[in-house]
>>> print(open('upload-v9.cif').read())   # mmCIF, N, CA and C atoms
data_protein
#
loop_
_atom_site.label_atom_id
_atom_site.label_comp_id
_atom_site.auth_asym_id
_atom_site.auth_seq_id
_atom_site.Cartn_x
_atom_site.Cartn_y
_atom_site.Cartn_z
N MET A 517 -97.05 -16.97 -41.83
CA MET A 517 -95.68 -16.97 -42.37
C MET A 517 -95.71 -16.30 -43.74
N ASP A 518 -94.86 -15.33 -43.92
CA ASP A 518 -94.68 -14.71 -45.23
C ASP A 518 -93.53 -15.40 -45.94
N TYR A 519 -93.83 -16.16 -46.96
CA TYR A 519 -92.79 -16.87 -47.70
C TYR A 519 -92.01 -15.89 -48.57
N THR A 520 -90.71 -16.16 -48.73
CA THR A 520 -89.84 -15.27 -49.49
C THR A 520 -89.45 -15.83 -50.84
N SER A 521 -89.78 -17.10 -51.10
CA SER A 521 -89.41 -17.71 -52.37
C SER A 521 -90.27 -18.92 -52.65
N ALA A 522 -90.20 -19.40 -53.90
CA ALA A 522 -90.84 -20.65 -54.30
C ALA A 522 -89.84 -21.42 -55.14
N THR A 523 -89.69 -22.72 -54.88
CA THR A 523 -88.77 -23.57 -55.62
C THR A 523 -89.57 -24.65 -56.34
N THR A 524 -89.28 -24.81 -57.63
CA THR A 524 -89.99 -25.76 -58.48
C THR A 524 -89.01 -26.75 -59.08
N LEU A 525 -89.36 -28.03 -59.04
CA LEU A 525 -88.54 -29.09 -59.63
C LEU A 525 -88.83 -29.19 -61.11
N GLU A 526 -87.75 -29.19 -61.91
CA GLU A 526 -87.86 -29.33 -63.36
C GLU A 526 -87.26 -30.68 -63.76
N THR A 527 -87.19 -30.95 -65.05
CA THR A 527 -86.59 -32.19 -65.52
C THR A 527 -85.09 -32.19 -65.27
N GLY A 528 -84.50 -33.38 -65.27
CA GLY A 528 -83.06 -33.50 -65.05
C GLY A 528 -82.63 -33.20 -63.64
N MET A 529 -83.54 -33.26 -62.70
CA MET A 529 -83.29 -32.95 -61.28
C MET A 529 -82.85 -31.51 -61.08
N ARG A 530 -83.22 -30.64 -61.98
CA ARG A 530 -82.92 -29.21 -61.86
C ARG A 530 -84.06 -28.54 -61.11
N CYS A 531 -83.71 -27.58 -60.25
CA CYS A 531 -84.70 -26.79 -59.53
C CYS A 531 -84.50 -25.32 -59.87
N HIS A 532 -85.58 -24.59 -59.93
CA HIS A 532 -85.45 -23.14 -60.01
C HIS A 532 -86.22 -22.53 -58.85
N THR A 533 -85.58 -21.52 -58.29
CA THR A 533 -86.15 -20.80 -57.16
C THR A 533 -86.37 -19.36 -57.58
N GLU A 534 -87.56 -18.87 -57.34
CA GLU A 534 -87.86 -17.46 -57.61
C GLU A 534 -88.13 -16.78 -56.27
N PHE A 535 -87.42 -15.68 -56.05
CA PHE A 535 -87.59 -14.91 -54.82
C PHE A 535 -88.64 -13.83 -55.03
N TYR A 536 -89.42 -13.59 -54.00
CA TYR A 536 -90.49 -12.60 -54.06
C TYR A 536 -89.97 -11.21 -53.73
N ASN A 537 -88.88 -10.83 -54.36
CA ASN A 537 -88.34 -9.48 -54.15
C ASN A 537 -88.74 -8.60 -55.34
N ALA A 538 -88.31 -7.36 -55.34
CA ALA A 538 -88.72 -6.41 -56.37
C ALA A 538 -88.33 -6.85 -57.78
N THR A 539 -87.20 -7.55 -57.91
CA THR A 539 -86.74 -7.96 -59.24
C THR A 539 -87.07 -9.41 -59.57
N ARG A 540 -87.75 -10.09 -58.65
CA ARG A 540 -88.10 -11.51 -58.85
C ARG A 540 -86.87 -12.33 -59.21
N THR A 541 -85.82 -12.19 -58.41
CA THR A 541 -84.56 -12.88 -58.64
C THR A 541 -84.81 -14.39 -58.78
N ARG A 542 -84.09 -14.99 -59.74
CA ARG A 542 -84.24 -16.43 -60.00
C ARG A 542 -82.88 -17.11 -59.85
N VAL A 543 -82.85 -18.22 -59.12
CA VAL A 543 -81.65 -19.01 -58.92
C VAL A 543 -81.96 -20.44 -59.39
N VAL A 544 -81.01 -21.02 -60.12
CA VAL A 544 -81.18 -22.39 -60.63
C VAL A 544 -80.10 -23.27 -60.02
N THR A 545 -80.50 -24.48 -59.59
CA THR A 545 -79.54 -25.46 -59.08
C THR A 545 -79.70 -26.77 -59.83
N ASP A 546 -78.60 -27.52 -59.88
CA ASP A 546 -78.58 -28.85 -60.50
C ASP A 546 -77.98 -29.84 -59.53
N VAL A 547 -78.35 -31.09 -59.69
CA VAL A 547 -77.65 -32.19 -59.05
C VAL A 547 -76.41 -32.46 -59.90
N ASP A 548 -75.30 -32.81 -59.25
CA ASP A 548 -74.05 -33.09 -59.98
C ASP A 548 -74.28 -34.16 -61.04
N ALA A 549 -73.55 -34.05 -62.16
CA ALA A 549 -73.66 -35.02 -63.24
C ALA A 549 -73.30 -36.42 -62.76
N ALA A 550 -72.34 -36.53 -61.84
CA ALA A 550 -71.93 -37.84 -61.32
C ALA A 550 -73.08 -38.54 -60.60
N MET A 551 -74.07 -37.77 -60.16
CA MET A 551 -75.23 -38.34 -59.47
C MET A 551 -76.45 -38.43 -60.38
N GLY A 552 -76.24 -38.18 -61.69
CA GLY A 552 -77.33 -38.30 -62.64
C GLY A 552 -78.04 -37.00 -62.98
N GLY A 553 -77.59 -35.91 -62.40
CA GLY A 553 -78.20 -34.61 -62.73
C GLY A 553 -77.54 -33.98 -63.93
N LEU A 554 -77.95 -32.77 -64.24
CA LEU A 554 -77.40 -32.06 -65.39
C LEU A 554 -76.01 -31.51 -65.11
N GLY A 555 -75.75 -31.10 -63.87
CA GLY A 555 -74.43 -30.59 -63.50
C GLY A 555 -74.04 -29.29 -64.16
N GLU A 556 -75.00 -28.54 -64.67
CA GLU A 556 -74.69 -27.29 -65.38
C GLU A 556 -74.77 -26.05 -64.49
N GLN A 557 -75.43 -26.18 -63.36
CA GLN A 557 -75.63 -25.06 -62.43
C GLN A 557 -75.05 -25.46 -61.08
N PRO A 558 -74.92 -24.52 -60.16
CA PRO A 558 -74.44 -24.87 -58.82
C PRO A 558 -75.35 -25.92 -58.18
N SER A 559 -74.77 -26.76 -57.34
CA SER A 559 -75.57 -27.72 -56.59
C SER A 559 -76.16 -27.02 -55.36
N PRO A 560 -77.17 -27.60 -54.73
CA PRO A 560 -77.67 -27.01 -53.49
C PRO A 560 -76.58 -26.86 -52.43
N GLY A 561 -75.64 -27.82 -52.36
CA GLY A 561 -74.53 -27.70 -51.41
C GLY A 561 -73.64 -26.51 -51.72
N ASP A 562 -73.37 -26.29 -53.02
CA ASP A 562 -72.60 -25.11 -53.43
C ASP A 562 -73.31 -23.83 -52.99
N LEU A 563 -74.61 -23.82 -53.18
CA LEU A 563 -75.40 -22.65 -52.80
C LEU A 563 -75.39 -22.46 -51.28
N LEU A 564 -75.42 -23.55 -50.52
CA LEU A 564 -75.32 -23.46 -49.07
C LEU A 564 -74.01 -22.82 -48.65
N ALA A 565 -72.90 -23.29 -49.23
CA ALA A 565 -71.59 -22.72 -48.89
C ALA A 565 -71.54 -21.24 -49.25
N ALA A 566 -72.06 -20.88 -50.42
CA ALA A 566 -72.08 -19.47 -50.83
C ALA A 566 -72.96 -18.63 -49.93
N THR A 567 -74.07 -19.19 -49.46
CA THR A 567 -74.97 -18.47 -48.56
C THR A 567 -74.28 -18.19 -47.23
N VAL A 568 -73.57 -19.18 -46.70
CA VAL A 568 -72.85 -18.96 -45.44
C VAL A 568 -71.76 -17.91 -45.66
N ALA A 569 -71.04 -17.97 -46.78
CA ALA A 569 -70.00 -16.97 -47.07
C ALA A 569 -70.61 -15.57 -47.15
N SER A 570 -71.76 -15.44 -47.78
CA SER A 570 -72.43 -14.15 -47.88
C SER A 570 -72.82 -13.62 -46.50
N CYS A 571 -73.31 -14.50 -45.65
CA CYS A 571 -73.65 -14.11 -44.28
C CYS A 571 -72.41 -13.67 -43.52
N MET A 572 -71.32 -14.43 -43.66
CA MET A 572 -70.06 -14.07 -42.99
C MET A 572 -69.62 -12.67 -43.41
N LEU A 573 -69.65 -12.40 -44.73
CA LEU A 573 -69.22 -11.09 -45.22
C LEU A 573 -70.16 -9.99 -44.76
N SER A 574 -71.44 -10.29 -44.66
CA SER A 574 -72.39 -9.29 -44.15
C SER A 574 -72.06 -8.93 -42.71
N MET A 575 -71.69 -9.91 -41.91
CA MET A 575 -71.31 -9.65 -40.52
C MET A 575 -70.01 -8.84 -40.46
N VAL A 576 -69.06 -9.15 -41.35
CA VAL A 576 -67.81 -8.37 -41.41
C VAL A 576 -68.12 -6.92 -41.79
N ALA A 577 -68.97 -6.72 -42.79
CA ALA A 577 -69.33 -5.36 -43.22
C ALA A 577 -70.00 -4.59 -42.08
N TYR A 578 -70.91 -5.24 -41.39
CA TYR A 578 -71.59 -4.60 -40.27
C TYR A 578 -70.59 -4.19 -39.19
N THR A 579 -69.66 -5.08 -38.87
CA THR A 579 -68.65 -4.78 -37.86
C THR A 579 -67.75 -3.64 -38.31
N GLY A 580 -67.30 -3.69 -39.57
CA GLY A 580 -66.45 -2.62 -40.09
C GLY A 580 -67.14 -1.27 -40.04
N LYS A 581 -68.41 -1.24 -40.39
CA LYS A 581 -69.16 0.03 -40.35
C LYS A 581 -69.26 0.55 -38.92
N ARG A 582 -69.56 -0.34 -37.98
CA ARG A 582 -69.69 0.07 -36.57
C ARG A 582 -68.37 0.53 -35.97
N LYS A 583 -67.28 -0.14 -36.36
CA LYS A 583 -65.97 0.14 -35.76
C LYS A 583 -65.10 1.08 -36.60
N GLY A 584 -65.59 1.46 -37.77
CA GLY A 584 -64.91 2.47 -38.57
C GLY A 584 -63.71 1.99 -39.39
N PHE A 585 -63.78 0.77 -39.92
CA PHE A 585 -62.70 0.35 -40.81
C PHE A 585 -63.27 -0.23 -42.10
N GLU A 586 -62.46 -0.18 -43.15
CA GLU A 586 -62.87 -0.57 -44.51
C GLU A 586 -62.97 -2.08 -44.65
N THR A 587 -64.02 -2.53 -45.35
CA THR A 587 -64.19 -3.95 -45.60
C THR A 587 -64.47 -4.27 -47.07
N VAL A 588 -64.68 -3.24 -47.90
CA VAL A 588 -65.00 -3.46 -49.32
C VAL A 588 -63.84 -4.17 -50.00
N GLY A 589 -64.14 -5.24 -50.72
CA GLY A 589 -63.14 -5.98 -51.45
C GLY A 589 -62.74 -7.29 -50.79
N ILE A 590 -63.15 -7.51 -49.54
CA ILE A 590 -62.87 -8.79 -48.90
C ILE A 590 -63.63 -9.87 -49.66
N CYS A 591 -62.99 -11.00 -49.90
CA CYS A 591 -63.57 -12.05 -50.72
C CYS A 591 -63.49 -13.39 -49.99
N ILE A 592 -64.56 -14.16 -50.09
CA ILE A 592 -64.55 -15.51 -49.55
C ILE A 592 -64.83 -16.49 -50.68
N GLN A 593 -63.89 -17.41 -50.90
CA GLN A 593 -64.14 -18.53 -51.79
C GLN A 593 -64.72 -19.64 -50.94
N ALA A 594 -65.80 -20.26 -51.41
CA ALA A 594 -66.52 -21.24 -50.60
C ALA A 594 -66.68 -22.55 -51.36
N ALA A 595 -66.66 -23.65 -50.62
CA ALA A 595 -66.88 -24.97 -51.19
C ALA A 595 -67.58 -25.85 -50.17
N CYS A 596 -68.32 -26.81 -50.69
CA CYS A 596 -69.04 -27.77 -49.87
C CYS A 596 -68.35 -29.12 -50.03
N GLY A 597 -67.92 -29.71 -48.92
CA GLY A 597 -67.33 -31.04 -48.94
C GLY A 597 -68.40 -32.08 -48.68
N GLU A 598 -68.36 -33.14 -49.46
CA GLU A 598 -69.36 -34.20 -49.31
C GLU A 598 -69.03 -35.11 -48.14
N GLY A 599 -70.07 -35.51 -47.44
CA GLY A 599 -69.94 -36.48 -46.37
C GLY A 599 -70.69 -37.74 -46.74
N THR A 600 -70.73 -38.69 -45.85
CA THR A 600 -71.42 -39.94 -46.15
C THR A 600 -72.93 -39.78 -46.22
N GLN A 601 -73.44 -38.74 -45.56
CA GLN A 601 -74.89 -38.52 -45.56
C GLN A 601 -75.25 -37.11 -46.00
N GLY A 602 -74.50 -36.57 -46.95
CA GLY A 602 -74.80 -35.22 -47.45
C GLY A 602 -73.63 -34.30 -47.24
N VAL A 603 -73.91 -33.09 -46.80
CA VAL A 603 -72.88 -32.10 -46.58
C VAL A 603 -72.00 -32.56 -45.42
N GLY A 604 -70.71 -32.72 -45.71
CA GLY A 604 -69.79 -33.20 -44.68
C GLY A 604 -68.98 -32.08 -44.05
N SER A 605 -68.75 -31.00 -44.82
CA SER A 605 -67.96 -29.88 -44.32
C SER A 605 -68.16 -28.70 -45.25
N LEU A 606 -67.85 -27.53 -44.74
CA LEU A 606 -67.85 -26.30 -45.54
C LEU A 606 -66.47 -25.69 -45.43
N HIS A 607 -65.93 -25.23 -46.55
CA HIS A 607 -64.57 -24.70 -46.60
C HIS A 607 -64.60 -23.26 -47.12
N PHE A 608 -63.82 -22.40 -46.45
CA PHE A 608 -63.82 -20.98 -46.79
C PHE A 608 -62.39 -20.46 -46.81
N ASP A 609 -61.99 -19.87 -47.93
CA ASP A 609 -60.74 -19.13 -48.04
C ASP A 609 -61.11 -17.66 -48.02
N ILE A 610 -60.67 -16.95 -46.99
CA ILE A 610 -61.05 -15.55 -46.79
C ILE A 610 -59.83 -14.68 -47.10
N THR A 611 -59.97 -13.83 -48.11
CA THR A 611 -58.88 -12.95 -48.52
C THR A 611 -59.22 -11.52 -48.15
N VAL A 612 -58.35 -10.92 -47.34
CA VAL A 612 -58.50 -9.52 -46.94
C VAL A 612 -57.40 -8.76 -47.69
N PRO A 613 -57.76 -8.00 -48.74
CA PRO A 613 -56.74 -7.41 -49.61
C PRO A 613 -56.09 -6.13 -49.08
N MET A 614 -56.65 -5.57 -48.02
CA MET A 614 -56.11 -4.31 -47.50
C MET A 614 -55.35 -4.57 -46.19
N PRO A 615 -54.36 -3.74 -45.89
CA PRO A 615 -53.64 -3.89 -44.61
C PRO A 615 -54.62 -3.71 -43.44
N THR A 616 -54.40 -4.48 -42.40
CA THR A 616 -55.26 -4.41 -41.22
C THR A 616 -54.40 -4.41 -39.96
N GLN A 617 -54.96 -3.87 -38.91
CA GLN A 617 -54.35 -3.89 -37.59
C GLN A 617 -54.78 -5.17 -36.87
N PRO A 618 -53.99 -5.63 -35.89
CA PRO A 618 -54.37 -6.85 -35.15
C PRO A 618 -55.78 -6.78 -34.56
N GLN A 619 -56.18 -5.63 -34.04
CA GLN A 619 -57.52 -5.49 -33.46
C GLN A 619 -58.59 -5.66 -34.54
N GLN A 620 -58.37 -5.12 -35.74
CA GLN A 620 -59.32 -5.29 -36.84
C GLN A 620 -59.43 -6.76 -37.24
N ARG A 621 -58.30 -7.45 -37.27
CA ARG A 621 -58.32 -8.87 -37.60
C ARG A 621 -59.14 -9.66 -36.59
N ARG A 622 -58.95 -9.36 -35.30
CA ARG A 622 -59.72 -10.05 -34.27
C ARG A 622 -61.22 -9.77 -34.44
N LEU A 623 -61.56 -8.52 -34.75
CA LEU A 623 -62.96 -8.17 -34.94
C LEU A 623 -63.55 -8.90 -36.15
N MET A 624 -62.79 -8.99 -37.24
CA MET A 624 -63.28 -9.69 -38.43
C MET A 624 -63.44 -11.19 -38.16
N GLU A 625 -62.49 -11.77 -37.46
CA GLU A 625 -62.59 -13.19 -37.12
C GLU A 625 -63.81 -13.45 -36.24
N ALA A 626 -64.06 -12.57 -35.30
CA ALA A 626 -65.23 -12.71 -34.43
C ALA A 626 -66.53 -12.52 -35.22
N ALA A 627 -66.51 -11.59 -36.16
CA ALA A 627 -67.70 -11.36 -37.00
C ALA A 627 -68.02 -12.60 -37.83
N VAL A 628 -67.00 -13.20 -38.43
CA VAL A 628 -67.20 -14.42 -39.22
C VAL A 628 -67.75 -15.53 -38.33
N ALA A 629 -67.20 -15.67 -37.14
CA ALA A 629 -67.65 -16.72 -36.21
C ALA A 629 -69.07 -16.49 -35.74
N SER A 630 -69.56 -15.24 -35.80
CA SER A 630 -70.91 -14.94 -35.32
C SER A 630 -71.98 -15.08 -36.39
N CYS A 631 -71.62 -15.52 -37.58
CA CYS A 631 -72.56 -15.64 -38.70
C CYS A 631 -73.77 -16.49 -38.28
N PRO A 632 -74.96 -15.90 -38.24
CA PRO A 632 -76.13 -16.66 -37.78
C PRO A 632 -76.53 -17.80 -38.72
N VAL A 633 -76.29 -17.65 -40.02
CA VAL A 633 -76.64 -18.73 -40.94
C VAL A 633 -75.73 -19.93 -40.70
N GLY A 634 -74.42 -19.69 -40.65
CA GLY A 634 -73.49 -20.77 -40.38
C GLY A 634 -73.71 -21.41 -39.03
N ASN A 635 -74.05 -20.59 -38.05
CA ASN A 635 -74.26 -21.12 -36.70
C ASN A 635 -75.59 -21.87 -36.55
N SER A 636 -76.47 -21.74 -37.54
CA SER A 636 -77.73 -22.49 -37.48
C SER A 636 -77.58 -23.90 -38.03
N LEU A 637 -76.43 -24.20 -38.66
CA LEU A 637 -76.19 -25.54 -39.19
C LEU A 637 -75.81 -26.50 -38.07
N HIS A 638 -75.99 -27.77 -38.32
CA HIS A 638 -75.66 -28.79 -37.32
C HIS A 638 -74.19 -28.67 -36.95
N PRO A 639 -73.86 -28.76 -35.66
CA PRO A 639 -72.47 -28.59 -35.23
C PRO A 639 -71.52 -29.68 -35.74
N ASP A 640 -72.05 -30.80 -36.24
CA ASP A 640 -71.19 -31.84 -36.80
C ASP A 640 -70.66 -31.48 -38.19
N ILE A 641 -71.15 -30.39 -38.77
CA ILE A 641 -70.66 -29.93 -40.07
C ILE A 641 -69.57 -28.89 -39.80
N PRO A 642 -68.30 -29.28 -39.94
CA PRO A 642 -67.23 -28.32 -39.65
C PRO A 642 -67.15 -27.23 -40.71
N LYS A 643 -66.81 -26.05 -40.23
CA LYS A 643 -66.53 -24.91 -41.11
C LYS A 643 -65.03 -24.67 -41.05
N VAL A 644 -64.33 -24.98 -42.13
CA VAL A 644 -62.89 -24.87 -42.20
C VAL A 644 -62.55 -23.50 -42.80
N LEU A 645 -61.84 -22.68 -42.02
CA LEU A 645 -61.52 -21.31 -42.43
C LEU A 645 -60.03 -21.18 -42.68
N HIS A 646 -59.68 -20.53 -43.78
CA HIS A 646 -58.29 -20.17 -44.07
C HIS A 646 -58.26 -18.68 -44.38
N TRP A 647 -57.58 -17.93 -43.55
CA TRP A 647 -57.48 -16.48 -43.71
C TRP A 647 -56.22 -16.15 -44.51
N HIS A 648 -56.35 -15.18 -45.40
CA HIS A 648 -55.22 -14.66 -46.18
C HIS A 648 -55.22 -13.14 -45.98
N TRP A 649 -54.26 -12.65 -45.22
CA TRP A 649 -54.18 -11.24 -44.86
C TRP A 649 -53.18 -10.53 -45.74
N ALA A 650 -53.52 -9.32 -46.20
CA ALA A 650 -52.57 -8.51 -46.98
C ALA A 650 -51.42 -8.12 -46.07
N GLN A 651 -50.26 -7.99 -46.67
CA GLN A 651 -49.06 -7.60 -45.91
C GLN A 651 -48.93 -6.11 -45.82
#
>>> encode(input="upload-v9.cif", output="structure tokens")
Amino acid sequence: MDYTSATTLETGMRCHTEFYNATRTRVVTDVDAAMGGLGEQPSPGDLLAATVASCMLSMVAYTGKRKGFETVGICIQAACGEGTQGVGSLHFDITVPMPTQPQQRRLMEAAVASCPVGNSLHPDIPKVLHWHWAQ
């Protein structure tokens, strides 16, 4: 197995992750202050929601490139809802700022639904989607 990152626990329940890419990208997460953490950085749940959103947009970009329509500028706001045993739900507001045809909308919706990262999560974690289409 070729590992792609290393995560180290620091004080205050903060973790830093360094990726083994060319720039050695570093991501820091905190436990929420309400749970005794520092609360200064995104929580792991926030990062999970953002990761799924990034995967969704990657699938939209791939579909747009294959089918010949523009996708630059589409934005997903993401949030993690707490459940009784951790992540209870993921919420996504998807804004498409450019005019689209019905067929393009169907393709984008299918691309988002095909996100392999989101689909690898337990099916009991709902993904709540709200689409906002330009007029």
>>> atom_distance(input="upload-v9.cif", atom1="CA of Asp518 (chain A)", atom2="CA of Glu534 (chain A)")
14.4 Å
>>> residues_around(input="upload-v9.cif", residues="Thr545 (chain A)", least_positions_apart="3", cutoff="6.5 Å", atoms="all atoms listed in the file", output="count of residues only")
9
>>> atom_distance(input="upload-v9.cif", atom1="atom N of Arg540 (chain A)", atom2="atom N of Met572 (chain A)")
22.7 Å
>>> atom_distance(input="upload-v9.cif", atom1="atom C of His607 (chain A)", atom2="atom N of Lys583 (chain A)")
25.6 Å
>>> residues_around(input="upload-v9.cif", residues="Ala595 (chain A)", least_positions_apart="4", cutoff="7 Å", atoms="only N, CA and C atoms", output="list in words")
Gly561, Asp562, Ala565, Ala566, Ser605, Leu606, His607, Phe608 and Asp609 of chain A
>>> select_by_dssp(input="upload-v9.cif", residues="region 558-631 of chain A", states="helix (DSSP H, G or I)", output="NGL selection string")
:A and (560-583 or 618-629)
>>> axis_aligned_box(input="upload-v9.cif", around="region 556-570 of chain A", padding_each_side="3 Å", output="JSON")
{"center_x": -73.8, "center_y": -21.1, "center_z": -55.4, "size_x": 13.7, "size_y": 20.9, "size_z": 25.9}
>>> resolve_selection(input="upload-v9.cif", expression="the PyMOL selection byres ((chain A and resi 626-631) around 8)", output="list in words")
Val568, Cys571, Met572, Leu573, Ser574, Met575, Val576, Ala577, Thr579, Gln620, Arg621, Arg622, Leu623, Met624, Glu625, Pro632, Val633, Gly634, Asn635 and Ser636 of chain A
>>> residues_around(input="upload-v9.cif", residues="Met614 (chain A)", least_positions_apart="5", cutoff="7 Å", atoms="all atoms listed in the file", output="list of chain:residue names")
A:Gly589, A:Ile590, A:Trp649, A:Ala650, A:Gln651
>>> residues_around(input="upload-v9.cif", residues="Ile610 (chain A)", least_positions_apart="6", cutoff="5 Å", atoms="all atoms listed in the file", output="PyMOL selection string")
chain A and resi 591-592+646-648
>>> closest_residue(input="upload-v9.cif", among="A:Asp548, A:Thr524, A:Gln619, A:Leu563", to="Cys596 (chain A)", atoms="all atoms listed in the file")
A:Leu563
>>> closest_residue(input="upload-v9.cif", among="A:Ala550, A:Val612, A:Val603, A:Gln617", to="Pro642 (chain A)", atoms="only N, CA and C atoms")
A:Val603
>>> select_by_dssp(input="upload-v9.cif", residues="chain A", states="strand (DSSP E or B)", output="PyMOL selection string")
chain A and resi 521-525+531-535+542-545+591-599+602-612+643-649
>>> closest_residue(input="upload-v9.cif", among="A:Gly552, A:Gly604, A:Pro613, A:Gly528", to="Val644 (chain A)", atoms="only C-alpha atoms")
A:Gly604
>>> decode(input="upload-v9.cif", residues="region 561-575 of chain A", atoms="N, CA, C and O atoms", output="PDB file, in the first residue's frame")
ATOM      1  N   GLY A 561     -15.676  16.193  10.547  1.00  0.00           N
ATOM      2  CA  GLY A 561     -16.963  16.106   9.849  1.00  0.00           C
ATOM      3  C   GLY A 561     -17.100  17.175   8.777  1.00  0.00           C
ATOM      4  O   GLY A 561     -17.628  16.918   7.688  1.00  0.00           O
ATOM      5  N   ASP A 562     -16.638  18.402   9.090  1.00  0.00           N
ATOM      6  CA  ASP A 562     -16.641  19.476   8.086  1.00  0.00           C
ATOM      7  C   ASP A 562     -15.790  19.078   6.886  1.00  0.00           C
ATOM      8  O   ASP A 562     -16.157  19.311   5.730  1.00  0.00           O
ATOM      9  N   LEU A 563     -14.643  18.494   7.176  1.00  0.00           N
ATOM     10  CA  LEU A 563     -13.745  18.059   6.106  1.00  0.00           C
ATOM     11  C   LEU A 563     -14.375  16.939   5.283  1.00  0.00           C
ATOM     12  O   LEU A 563     -14.232  16.903   4.060  1.00  0.00           O
ATOM     13  N   LEU A 564     -15.105  16.031   5.935  1.00  0.00           N
ATOM     14  CA  LEU A 564     -15.815  14.977   5.219  1.00  0.00           C
ATOM     15  C   LEU A 564     -16.825  15.570   4.245  1.00  0.00           C
ATOM     16  O   LEU A 564     -16.867  15.190   3.066  1.00  0.00           O
ATOM     17  N   ALA A 565     -17.635  16.519   4.723  1.00  0.00           N
ATOM     18  CA  ALA A 565     -18.635  17.152   3.855  1.00  0.00           C
ATOM     19  C   ALA A 565     -17.962  17.855   2.682  1.00  0.00           C
ATOM     20  O   ALA A 565     -18.413  17.750   1.537  1.00  0.00           O
ATOM     21  N   ALA A 566     -16.871  18.567   2.949  1.00  0.00           N
ATOM     22  CA  ALA A 566     -16.145  19.263   1.883  1.00  0.00           C
ATOM     23  C   ALA A 566     -15.529  18.282   0.893  1.00  0.00           C
ATOM     24  O   ALA A 566     -15.497  18.538  -0.320  1.00  0.00           O
ATOM     25  N   THR A 567     -15.056  17.142   1.379  1.00  0.00           N
ATOM     26  CA  THR A 567     -14.474  16.124   0.505  1.00  0.00           C
ATOM     27  C   THR A 567     -15.528  15.551  -0.429  1.00  0.00           C
ATOM     28  O   THR A 567     -15.280  15.374  -1.630  1.00  0.00           O
ATOM     29  N   VAL A 568     -16.711  15.272   0.105  1.00  0.00           N
ATOM     30  CA  VAL A 568     -17.794  14.760  -0.748  1.00  0.00           C
ATOM     31  C   VAL A 568     -18.178  15.822  -1.774  1.00  0.00           C
ATOM     32  O   VAL A 568     -18.372  15.505  -2.960  1.00  0.00           O
ATOM     33  N   ALA A 569     -18.273  17.091  -1.355  1.00  0.00           N
ATOM     34  CA  ALA A 569     -18.606  18.169  -2.297  1.00  0.00           C
ATOM     35  C   ALA A 569     -17.560  18.269  -3.402  1.00  0.00           C
ATOM     36  O   ALA A 569     -17.900  18.434  -4.583  1.00  0.00           O
ATOM     37  N   SER A 570     -16.294  18.142  -3.053  1.00  0.00           N
ATOM     38  CA  SER A 570     -15.227  18.195  -4.051  1.00  0.00           C
ATOM     39  C   SER A 570     -15.340  17.039  -5.042  1.00  0.00           C
ATOM     40  O   SER A 570     -15.152  17.210  -6.251  1.00  0.00           O
ATOM     41  N   CYS A 571     -15.668  15.862  -4.540  1.00  0.00           N
ATOM     42  CA  CYS A 571     -15.863  14.708  -5.420  1.00  0.00           C
ATOM     43  C   CYS A 571     -17.053  14.936  -6.345  1.00  0.00           C
ATOM     44  O   CYS A 571     -16.983  14.656  -7.547  1.00  0.00           O
ATOM     45  N   MET A 572     -18.155  15.454  -5.789  1.00  0.00           N
ATOM     46  CA  MET A 572     -19.337  15.736  -6.607  1.00  0.00           C
ATOM     47  C   MET A 572     -18.988  16.694  -7.745  1.00  0.00           C
ATOM     48  O   MET A 572     -19.367  16.475  -8.902  1.00  0.00           O
ATOM     49  N   LEU A 573     -18.263  17.772  -7.412  1.00  0.00           N
ATOM     50  CA  LEU A 573     -17.897  18.749  -8.444  1.00  0.00           C
ATOM     51  C   LEU A 573     -16.930  18.158  -9.459  1.00  0.00           C
ATOM     52  O   LEU A 573     -16.993  18.502 -10.645  1.00  0.00           O
ATOM     53  N   SER A 574     -16.054  17.276  -9.019  1.00  0.00           N
ATOM     54  CA  SER A 574     -15.149  16.612  -9.964  1.00  0.00           C
ATOM     55  C   SER A 574     -15.939  15.771 -10.959  1.00  0.00           C
ATOM     56  O   SER A 574     -15.630  15.758 -12.164  1.00  0.00           O
ATOM     57  N   MET A 575     -16.974  15.095 -10.491  1.00  0.00           N
ATOM     58  CA  MET A 575     -17.817  14.297 -11.380  1.00  0.00           C
ATOM     59  C   MET A 575     -18.594  15.195 -12.344  1.00  0.00           C
ATOM     60  O   MET A 575     -18.758  14.859 -13.522  1.00  0.00           O
TER      61      MET A 575
END
